[in-house]
$ cat work_11.txt   # compact mmCIF, C-alpha atoms
# COMPACT_ATOMS: atom_id res chain seq x y z
CA MET A 1128 94.72 57.70 6.02
CA LEU A 1129 95.55 61.30 5.13
CA PRO A 1130 98.72 62.13 3.20
CA ALA A 1131 101.54 63.62 5.24
CA ARG A 1132 101.37 66.92 3.33
CA VAL A 1133 97.75 67.49 4.36
CA LEU A 1134 98.55 66.78 7.99
CA ALA A 1135 101.53 69.15 7.86
CA VAL A 1136 99.55 72.02 6.29
CA ALA A 1137 96.39 71.73 8.44
CA PRO A 1138 97.88 73.34 11.61
CA LEU A 1139 99.30 76.19 9.51
CA ALA A 1140 95.87 76.84 7.98
CA LEU A 1141 94.29 77.02 11.43
CA VAL A 1142 96.91 79.54 12.58
CA VAL A 1143 96.24 81.73 9.51
CA LEU A 1144 92.48 81.63 10.16
CA ALA A 1145 92.97 82.52 13.82
CA LEU A 1146 95.24 85.44 12.99
CA SER A 1147 92.87 86.74 10.31
CA GLY A 1148 90.03 87.05 12.79
CA CYS A 1149 87.96 84.23 11.28
CA SER A 1150 88.08 82.26 14.48
CA SER A 1151 85.80 84.71 16.30
CA TRP A 1152 82.45 85.40 14.66
CA VAL A 1153 81.53 89.05 14.87
CA CYS A 1154 78.10 89.61 13.40
CA THR A 1155 76.69 93.07 12.75
CA ASP A 1156 73.39 94.08 11.21
CA THR A 1157 73.05 97.39 9.42
CA THR A 1158 69.89 98.85 7.92
CA ALA A 1159 70.12 100.93 4.75
CA GLU A 1160 68.58 104.39 4.68
CA ARG A 1161 65.37 104.82 2.77
CA GLY A 1162 65.77 106.59 -0.55
CA THR A 1163 63.63 109.46 -1.77
CA ALA A 1164 60.31 108.28 -3.17
CA GLY A 1165 59.08 109.44 -6.56
CA ALA A 1166 56.69 108.70 -9.40
CA ARG A 1167 59.73 107.44 -11.37
CA VAL A 1168 62.73 106.08 -9.50
CA GLU A 1169 65.95 104.23 -10.25
CA ILE A 1170 66.02 101.18 -8.02
CA VAL A 1171 69.01 100.80 -5.70
CA HIS A 1172 70.25 97.80 -3.75
CA THR A 1173 71.00 97.85 -0.04
CA TYR A 1174 74.34 99.64 -0.50
CA GLY A 1175 72.67 102.44 -2.49
CA GLN A 1176 74.10 101.49 -5.89
CA ARG A 1177 71.80 101.57 -8.92
CA LEU A 1178 70.61 98.25 -10.33
CA GLY A 1179 69.98 99.53 -13.85
CA VAL A 1180 66.23 99.19 -13.34
CA THR A 1181 63.66 101.98 -13.17
CA VAL A 1182 60.03 101.82 -12.18
CA GLU A 1183 57.42 104.47 -12.77
CA VAL A 1184 53.78 105.15 -12.09
CA VAL A 1185 52.08 105.29 -15.47
CA GLY A 1186 48.75 106.40 -14.01
CA TRP A 1187 46.41 106.05 -11.08
CA ARG A 1188 42.73 106.53 -10.32
CA LEU A 1189 40.16 105.96 -7.61
CA GLU A 1190 37.61 103.27 -8.42
CA PRO A 1191 35.91 100.27 -6.83
CA HIS A 1192 37.76 96.98 -7.15
CA PRO A 1193 35.81 94.80 -9.62
CA GLN A 1194 35.74 91.88 -7.18
CA GLU A 1195 34.63 94.04 -4.22
CA PRO A 1196 32.56 96.93 -5.64
CA SER A 1197 30.55 97.36 -2.44
CA ARG A 1198 33.69 98.25 -0.45
CA GLY A 1199 34.04 101.64 -2.15
CA ASP A 1200 36.93 103.27 -3.96
CA LYS A 1201 40.44 101.86 -3.92
CA VAL A 1202 43.58 103.30 -5.48
CA HIS A 1203 44.17 101.51 -8.79
CA PHE A 1204 47.58 102.26 -10.29
CA ASP A 1205 49.52 101.18 -13.36
CA TYR A 1206 53.31 100.85 -13.41
CA ARG A 1207 56.20 100.02 -15.72
CA PHE A 1208 59.61 98.48 -14.99
CA GLU A 1209 62.47 99.15 -17.42
CA GLY A 1210 65.58 96.97 -17.31
CA ALA A 1211 64.09 94.23 -15.08
CA GLU A 1212 64.79 90.57 -15.77
CA GLU A 1213 62.00 88.20 -16.69
CA HIS A 1214 62.10 85.68 -13.85
CA SER A 1215 63.75 87.58 -11.04
CA GLY A 1216 64.29 91.16 -10.27
CA PRO A 1217 63.78 93.91 -7.76
CA ALA A 1218 60.77 94.67 -5.63
CA VAL A 1219 59.86 98.15 -4.40
CA ASP A 1220 57.24 99.68 -2.17
CA ALA A 1221 54.37 101.49 -3.89
CA CYS A 1222 52.55 103.98 -1.68
CA ALA A 1223 49.50 106.15 -2.06
CA VAL A 1224 50.34 109.53 -0.50
CA ASP A 1225 48.55 112.72 0.48
CA LYS A 1226 49.56 116.27 -0.49
CA LYS A 1227 52.32 116.27 2.14
CA ARG A 1228 53.72 112.93 0.85
CA VAL A 1229 52.57 111.04 3.93
CA ALA A 1230 51.89 107.38 3.13
CA LEU A 1231 48.23 106.42 3.30
CA GLY A 1232 48.79 102.81 2.26
CA CYS A 1233 51.64 100.77 0.75
CA GLN A 1234 52.41 97.42 -0.75
CA THR A 1235 55.49 95.78 -2.24
CA ILE A 1236 55.50 95.39 -6.03
CA HIS A 1237 57.73 92.73 -7.61
CA SER A 1238 59.01 93.23 -11.14
CA SER A 1239 58.69 89.49 -11.74
CA GLY A 1240 54.93 89.85 -11.24
CA ALA A 1241 54.59 92.32 -14.12
CA TRP A 1242 53.82 91.31 -17.71
CA PRO A 1243 56.51 91.42 -20.40
CA GLU A 1244 55.90 93.87 -23.24
CA PRO A 1245 57.33 93.73 -26.81
CA ASP A 1246 59.60 96.71 -26.08
CA GLY A 1247 61.33 94.86 -23.21
CA THR A 1248 59.57 96.67 -20.38
CA ARG A 1249 57.37 94.94 -17.82
CA THR A 1250 53.99 96.44 -16.93
CA GLY A 1251 51.42 95.77 -14.27
CA ASP A 1252 48.80 97.24 -12.03
CA GLY A 1253 48.05 97.22 -8.34
CA TRP A 1254 45.35 98.12 -5.87
CA LEU A 1255 45.75 99.91 -2.56
CA ALA A 1256 42.98 99.94 0.04
CA ILE A 1257 43.04 103.35 1.71
CA GLU A 1258 40.91 104.36 4.68
CA HIS A 1259 40.23 107.84 3.21
CA PRO A 1260 40.73 107.59 -0.56
CA GLU A 1261 39.68 111.21 -1.05
CA GLN A 1262 42.99 112.25 0.56
CA VAL A 1263 45.14 110.55 -2.10
CA ALA A 1264 47.23 113.02 -4.09
CA GLY A 1265 49.44 110.49 -5.90
CA VAL A 1266 51.25 107.17 -5.95
CA LEU A 1267 55.00 107.01 -5.34
CA PHE A 1268 57.64 104.29 -5.40
CA VAL A 1269 60.36 103.97 -2.78
CA PRO A 1270 63.59 103.17 -4.69
CA ASN A 1271 65.04 100.62 -2.24
CA ASP A 1272 65.06 97.03 -3.51
CA GLN A 1273 63.00 94.93 -1.12
CA SER A 1274 63.45 91.63 -2.98
CA TYR A 1275 66.17 90.20 -0.76
CA ASP A 1276 66.65 90.51 2.96
CA ARG A 1277 69.69 88.68 4.27
CA ARG A 1278 69.51 86.67 7.45
CA THR A 1279 70.08 88.68 10.59
CA CYS A 1280 72.64 88.08 13.32
CA GLU A 1281 69.77 87.12 15.59
CA THR A 1282 68.68 84.30 13.28
CA ASP A 1283 72.15 83.20 12.13
CA VAL A 1284 75.24 84.50 13.93
CA LYS A 1285 77.64 82.71 11.59
CA ASP A 1286 76.21 83.59 8.17
CA GLY A 1287 73.80 86.43 8.98
CA GLY A 1288 74.49 90.10 9.31
CA GLY A 1289 75.44 92.74 6.83
CA MET A 1290 73.39 95.44 5.16
CA HIS A 1291 69.61 95.03 5.07
CA PRO A 1292 66.96 97.00 3.16
CA PRO A 1293 65.12 99.68 5.13
CA GLU A 1294 61.87 98.65 6.76
CA PRO A 1295 59.04 98.60 4.19
CA ALA A 1296 57.11 101.86 4.00
CA THR A 1297 53.93 101.92 6.09
CA VAL A 1298 50.95 104.18 6.77
CA GLY A 1299 52.09 107.46 8.29
CA ASP A 1300 55.64 107.40 6.91
CA GLN A 1301 56.84 110.69 5.43
CA LEU A 1302 58.05 109.98 1.91

$ encode --input "work_11.txt" --output "structure tokens"
Amino acid sequence: MLPARVLAVAPLALVVLALSGCSSWVCTDTTAERGTAGARVEIVHTYGQRLGVTVEVVGWRLEPHPQEPSRGDKVHFDYRFEGAEEHSGPAVDACAVDKKRVALGCQTIHSSGAWPEPDGTRTGDGWLAIEHPEQVAGVLFVPNDQSYDRRTCETDVKDGGGMHPPEPATVGDQL
């Protein structure tokens, strides 16, 4: 049996919730705008605030992948994260671009997949398969953190919604 105080307060709590708007679930999804890509970027979360983590392209080259040499040249790039945590951290899109900064191929790079260095940075490398590798003029990172995408209103009306990262960069996107 519930104490009398609990029974007396329960209706009051329901009235407060109803008046505060919590009784009707209004779910809205918002997509963040894509930040300006660069060879060195400060990573931002979905609301555009800096995370204290930077990522930069240390170098890139065209060469065959050692496990698939017969498939021709791929874009092999090296990168470095500064300020990223060891076990979790941001993820950003890395894109090979042409002279006009049009994406020729992209993939998401996770800081947790990079190797820790003695100076506290995390380094790694990646490969991008590009249809016309001779058109590659550079590799850029898109600064938006892609590591966490909240549930949408469509998948969860009660707990979904809110700000979401921009769509990942794809071939043909102007960066």

$ atom_distance --input "work_11.txt" --atom1 "atom CA of A:Gly1199" --atom2 "atom CA of A:Thr1297"
21.5 Å

$ closest_atom_pairs --input "work_11.txt" --of "stretch 1187-1253 of chain A" --to "stretch 1157-1163 of chain A" --cutoff "12 Å" --atoms "all atoms listed in the file" --output "Markdown table"
| residue | atom | partner | partner_atom | distance |
| --- | --- | --- | --- | --- |
| A:Val1219 | CA | A:Gly1162 | CA | 11.0 |
| A:Asp1220 | CA | A:Arg1161 | CA | 10.8 |
| A:Arg1228 | CA | A:Thr1163 | CA | 10.8 |

$ residues_near_point --input "work_11.txt" --point "(78.3, 95.3, 5.5)" --cutoff "12 Å" --atoms "all atoms listed in the file" --output "VMD selection string"
chain A and resid 1153 to 1159 1173 to 1174 1277 1279 1287 to 1292

$ closest_residue --input "work_11.txt" --among "A:Thr1181, A:Ser1215, A:Gln1176, A:Asn1271" --to "A:Thr1248" --atoms "all atoms listed in the file"
A:Thr1181

$ closest_residue --input "work_11.txt" --among "A:Lys1285, A:Arg1278, A:Lys1227, A:His1259" --to "A:Asp1300" --atoms "all atoms listed in the file"
A:Lys1227

$ atom_distance --input "work_11.txt" --atom1 "atom CA of A:Glu1169" --atom2 "atom CA of A:Ala1211"
11.3 Å

$ atom_distance --input "work_11.txt" --atom1 "atom CA of A:Arg1188" --atom2 "atom CA of A:Val1229"
17.9 Å

$ residues_around --input "work_11.txt" --residues "A:Gly1186" --least-positions-apart "3" --cutoff "9 Å" --atoms "all atoms listed in the file" --output "PyMOL selection string"
chain A and resi 1183+1203-1206+1266

$ residues_around --input "work_11.txt" --residues "A:His1192" --least-positions-apart "2" --cutoff "12 Å" --atoms "all atoms listed in the file" --output "PyMOL selection string"
chain A and resi 1188-1190+1194-1204+1253-1256

$ closest_residue --input "work_11.txt" --among "A:Cys1280, A:Cys1222, A:Val1168, A:Leu1267" --to "A:Phe1208" --atoms "all atoms listed in the file"
A:Val1168
